[in-house]
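**Q** Once you've had a glance at the structure underneath, I'll fire off some questions.
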Amino acid sequence: QVQLVESGGGLVQAGGSLRLSCVASGSIFSINTMAWYRQPSGKQRELVALITSSGTTNYADSVKGRFTISRENAKNTVYLQMNSLKPEDTAVYYCRAELLSGHYRGQGTQVTVSS
């Protein structure tokens with residue numbers, strides 16, 4: 001079994017920054033793609049950013065130039081550095097990991113950006 005635990009969410013003013021972390025633990029041999037999704041209240045979940053095992057990244061247009069995804073393979077950890085935050089970034093942020101044994105998702109961390 002694999003567990004993902006996110007941390008780093010909170011309340012921040014518009015223009016501020018937050019850094020999210022997600023640690024994977026359990027029966028892990030290697031992790032392929034890791035990603036961050038978000039789900040604003042009452043809306044569908046959307047992909048924010050992903051990073052492959054080789055370090056290739058991809059971002060939603062709405063966060064390009066403001067968010068940076070990175071990972072530490074030795075720690076089974078993925079990060080999301082969020083700068084220049086906007087009220088529309090308010091959502092529950094989830095990390096997702098793709099392993100040979102399947103896909104796993106954390107419980108999420110709330111990010112609230114006040115105007």
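By convention in this document, the chains of the structure tokens carry letters A, B, ... by their order, each chain's residues are numbered from 1, and ligands are numbered from 1 in the order they are shown.
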Can you tell me, as a list in words, what residues are no more than 7 Å from Asn76 in chain A when counting only C-alpha atoms, ignoring any on the same chain fewer than 2 positions away?

**A**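 Counting only the stated atoms, we get Val23, Ala24, Glu72, Asn73, Ala74 and Val78 of chain A.
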
**Q** Excluding Ser17 in chain A and any residue of its chain fewer than 6 positions from it, enumerate the residues within 8 Å of it, using only C-alpha atoms, and give them as a list in words.

**A**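 So, after excluding close chain neighbours, the residues are Gln81, Met82, Asn83, Ser84 and Leu85 of chain A.
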
**Q** For the atom pair CA of Ala35 in chain A and CA of Pro87 in chain A, what is the interatomic distance in Å to one decimal place?

**A** 21.6 Å

**Q** Could you name the residues that touch range 53-65 of chain A at 6 Å or less, counting only C-alpha atoms, but leaving out those on the same chain fewer than 5 positions away, as a PyMOL selection string?

**A** chain A and resi 32-33+48

**Q** Restrict the selected residues to C-alpha atoms and save them as a CSV table (one decimal), in the first residue's frame.

**A**
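Output saved as out-v8.csv:
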chain,number,residue,atom,x,y,z
A,32,ASN,CA,6.9,7.5,-12.4
A,33,THR,CA,4.9,10.7,-12.9
A,48,VAL,CA,-2.0,22.1,-12.2

**Q** Counting only C-alpha atoms, what is within 7 Å of range 103-115 of chain A, bar same-chain residues fewer than 5 positions away, as an MDAnalysis selection string?

**A** chainID A and resid 3:7 9:14 85:87 89:98

**Q** Please write the residues from the selection above to a file, keeping N, CA, C and O atoms, as a compact mmCIF listing (two decimals), in the first residue's frame.

**A**
# COMPACT_ATOMS: atom_id res chain seq x y z
N GLN A 3 0.89 5.54 0.59
CA GLN A 3 0.20 6.71 1.14
C GLN A 3 0.88 7.98 0.66
O GLN A 3 2.11 8.05 0.57
N LEU A 4 0.06 8.98 0.38
CA LEU A 4 0.57 10.30 0.01
C LEU A 4 0.03 11.30 1.02
O LEU A 4 -1.18 11.31 1.30
N VAL A 5 0.91 12.14 1.54
CA VAL A 5 0.50 13.14 2.52
C VAL A 5 0.98 14.51 2.06
O VAL A 5 2.19 14.74 1.91
N GLU A 6 0.00 15.41 1.85
CA GLU A 6 0.33 16.77 1.44
C GLU A 6 0.45 17.67 2.67
O GLU A 6 -0.19 17.42 3.69
N SER A 7 1.23 18.73 2.52
CA SER A 7 1.35 19.74 3.57
C SER A 7 1.73 21.06 2.93
O SER A 7 2.12 21.10 1.75
N GLY A 9 -0.31 23.91 2.83
CA GLY A 9 -1.41 24.80 2.48
C GLY A 9 -1.68 25.80 3.57
O GLY A 9 -1.09 25.76 4.66
N GLY A 10 -2.58 26.75 3.28
CA GLY A 10 -2.92 27.75 4.27
C GLY A 10 -3.59 28.95 3.63
O GLY A 10 -4.04 28.89 2.48
N LEU A 11 -3.67 30.01 4.41
CA LEU A 11 -4.28 31.27 3.98
C LEU A 11 -3.18 32.27 3.66
O LEU A 11 -2.27 32.47 4.47
N VAL A 12 -3.28 32.89 2.49
CA VAL A 12 -2.27 33.86 2.07
C VAL A 12 -2.97 34.98 1.30
O VAL A 12 -4.01 34.76 0.69
N GLN A 13 -2.38 36.15 1.35
CA GLN A 13 -2.93 37.27 0.60
C GLN A 13 -2.53 37.17 -0.87
O GLN A 13 -1.50 36.57 -1.21
N ALA A 14 -3.33 37.77 -1.71
CA ALA A 14 -3.01 37.82 -3.14
C ALA A 14 -1.62 38.41 -3.34
O ALA A 14 -1.25 39.39 -2.67
N LEU A 85 0.32 34.46 -6.06
CA LEU A 85 -0.96 33.78 -5.93
C LEU A 85 -2.12 34.75 -6.15
O LEU A 85 -2.05 35.94 -5.81
N LYS A 86 -3.18 34.19 -6.73
CA LYS A 86 -4.38 34.96 -7.04
C LYS A 86 -5.57 34.32 -6.32
O LYS A 86 -5.55 33.12 -6.02
N PRO A 87 -6.63 35.08 -6.08
CA PRO A 87 -7.81 34.51 -5.43
C PRO A 87 -8.35 33.29 -6.18
O PRO A 87 -8.85 32.35 -5.55
N ASP A 89 -6.76 30.99 -7.41
CA ASP A 89 -5.96 29.80 -7.09
C ASP A 89 -6.51 29.07 -5.86
O ASP A 89 -6.03 27.99 -5.51
N THR A 90 -7.49 29.65 -5.20
CA THR A 90 -8.09 29.03 -4.03
C THR A 90 -8.71 27.68 -4.39
O THR A 90 -9.53 27.60 -5.31
N ALA A 91 -8.30 26.65 -3.67
CA ALA A 91 -8.77 25.29 -3.98
C ALA A 91 -8.16 24.32 -2.97
O ALA A 91 -7.26 24.68 -2.20
N VAL A 92 -8.66 23.09 -3.01
CA VAL A 92 -7.96 22.00 -2.33
C VAL A 92 -6.97 21.43 -3.33
O VAL A 92 -7.34 21.11 -4.47
N TYR A 93 -5.72 21.33 -2.92
CA TYR A 93 -4.65 20.83 -3.79
C TYR A 93 -4.31 19.40 -3.40
O TYR A 93 -4.08 19.10 -2.23
N TYR A 94 -4.29 18.53 -4.40
CA TYR A 94 -4.00 17.11 -4.19
C TYR A 94 -2.74 16.74 -4.97
O TYR A 94 -2.53 17.22 -6.08
N CYS A 95 -1.95 15.86 -4.40
CA CYS A 95 -0.87 15.30 -5.19
C CYS A 95 -1.26 13.90 -5.63
O CYS A 95 -2.10 13.24 -5.01
N ARG A 96 -0.68 13.48 -6.73
CA ARG A 96 -0.98 12.18 -7.33
C ARG A 96 0.33 11.56 -7.78
O ARG A 96 1.19 12.26 -8.32
N ALA A 97 0.47 10.29 -7.54
CA ALA A 97 1.68 9.58 -7.94
C ALA A 97 1.32 8.36 -8.76
O ALA A 97 0.36 7.64 -8.44
N GLU A 98 2.08 8.14 -9.81
CA GLU A 98 1.87 7.00 -10.68
C GLU A 98 2.99 6.00 -10.43
O GLU A 98 4.17 6.30 -10.65

**Q** If DSSP is run on the backbone, what residues of chain A are strand (DSSP E)? A reply as an NGL selection string would be ideal.

**A** :A and (2-7 or 10-13 or 18-26 or 31-39 or 46-51 or 57-59 or 67-72 or 77-82 or 91-99 or 102-105 or 109-114)

**Q** With a distance cut-off of 7 Å and only C-alpha atoms, select the neighbouring residues of Leu47 in chain A, excluding the residue or stretch itself and same-chain residues fewer than 6 positions from it, and output the selection as an MDAnalysis selection string.

**A** chainID A and resid 36:38 60

**Q** If you keep N, CA, C and O atoms, can you produce a file of those selected residues as a short mmCIF file (atom, residue, chain, number, x, y, z; two decimals), in the first residue's frame?

**A**
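As written to disk, result_37.cif reads:
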data_model
loop_
_atom_site.label_atom_id
_atom_site.label_comp_id
_atom_site.auth_asym_id
_atom_site.auth_seq_id
_atom_site.Cartn_x
_atom_site.Cartn_y
_atom_site.Cartn_z
N TRP A 36 0.34 17.55 -9.35
CA TRP A 36 -0.55 18.31 -8.47
C TRP A 36 -1.83 18.62 -9.23
O TRP A 36 -1.79 19.09 -10.37
N TYR A 37 -2.94 18.37 -8.57
CA TYR A 37 -4.25 18.75 -9.06
C TYR A 37 -4.86 19.71 -8.05
O TYR A 37 -4.42 19.80 -6.91
N ARG A 38 -5.90 20.41 -8.47
CA ARG A 38 -6.64 21.22 -7.53
C ARG A 38 -8.13 21.17 -7.87
O ARG A 38 -8.51 20.94 -9.01
N ALA A 60 -0.49 23.78 -16.30
CA ALA A 60 -1.71 24.38 -16.80
C ALA A 60 -1.40 25.81 -17.21
O ALA A 60 -0.56 26.48 -16.59
#

**Q** Run DSSP on the backbone and give me the residues of chain A it puts in helix (DSSP H, G or I), as an NGL selection string.

**A** :A and (73-75 or 87-89)

**Q** Output N, CA, C and O atoms for every residue in that selection, as an mmCIF file, in the first residue's frame.

**A**
data_model
loop_
_atom_site.group_PDB
_atom_site.id
_atom_site.type_symbol
_atom_site.label_atom_id
_atom_site.label_comp_id
_atom_site.auth_asym_id
_atom_site.auth_seq_id
_atom_site.Cartn_x
_atom_site.Cartn_y
_atom_site.Cartn_z
ATOM 1 N N ASN A 73 13.600 12.524 -5.722
ATOM 2 C CA ASN A 73 13.325 11.103 -5.848
ATOM 3 C C ASN A 73 13.793 10.307 -4.628
ATOM 4 O O ASN A 73 13.133 9.354 -4.217
ATOM 5 N N ALA A 74 14.916 10.702 -4.058
ATOM 6 C CA ALA A 74 15.442 9.983 -2.907
ATOM 7 C C ALA A 74 14.509 10.065 -1.699
ATOM 8 O O ALA A 74 14.540 9.209 -0.817
ATOM 9 N N LYS A 75 13.698 11.117 -1.677
ATOM 10 C CA LYS A 75 12.757 11.316 -0.564
ATOM 11 C C LYS A 75 11.326 11.013 -0.963
ATOM 12 O O LYS A 75 10.403 11.230 -0.161
ATOM 13 N N PRO A 87 -6.625 35.084 -6.075
ATOM 14 C CA PRO A 87 -7.811 34.510 -5.425
ATOM 15 C C PRO A 87 -8.351 33.286 -6.178
ATOM 16 O O PRO A 87 -8.855 32.355 -5.550
ATOM 17 N N GLU A 88 -8.216 33.277 -7.485
ATOM 18 C CA GLU A 88 -8.709 32.144 -8.265
ATOM 19 C C GLU A 88 -7.862 30.890 -8.106
ATOM 20 O O GLU A 88 -8.218 29.823 -8.621
ATOM 21 N N ASP A 89 -6.758 30.986 -7.411
ATOM 22 C CA ASP A 89 -5.957 29.800 -7.088
ATOM 23 C C ASP A 89 -6.512 29.068 -5.857
ATOM 24 O O ASP A 89 -6.033 27.986 -5.513
#

**Q** With distances taken over only C-alpha atoms, which residue among A:Gly26, A:Leu20, A:Val2, A:Leu80 lies nearest Ala49 in chain A?

**A**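 Ranking A:Gly26, A:Leu20, A:Val2, A:Leu80 by distance to Ala49 in chain A, first place goes to A:Leu80.
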
**Q** What is the distance between CA of Gln39 in chain A and CA of Ser25 in chain A, in Å to one decimal?

**A**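 About the pair CA of Gln39 in chain A and CA of Ser25 in chain A: they are 23.6 Å apart.
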
**Q** Using only C-alpha atoms, find the one residue out of A:Ser41, A:Cys22, A:Ser27, A:Gly15 that sits nearest to Ile69 in chain A.

**A**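 That would be A:Cys22, the residue with the smallest distance to Ile69 in chain A.
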
**Q** Which one is closest to Ile31 in chain A: A:Ser70, A:Gln44, A:Ser101, A:Gln1? Count only C-alpha atoms.

**A**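 Checking each of A:Ser70, A:Gln44, A:Ser101, A:Gln1 against Ile31 in chain A, counting only C-alpha atoms, the winner is A:Ser101.
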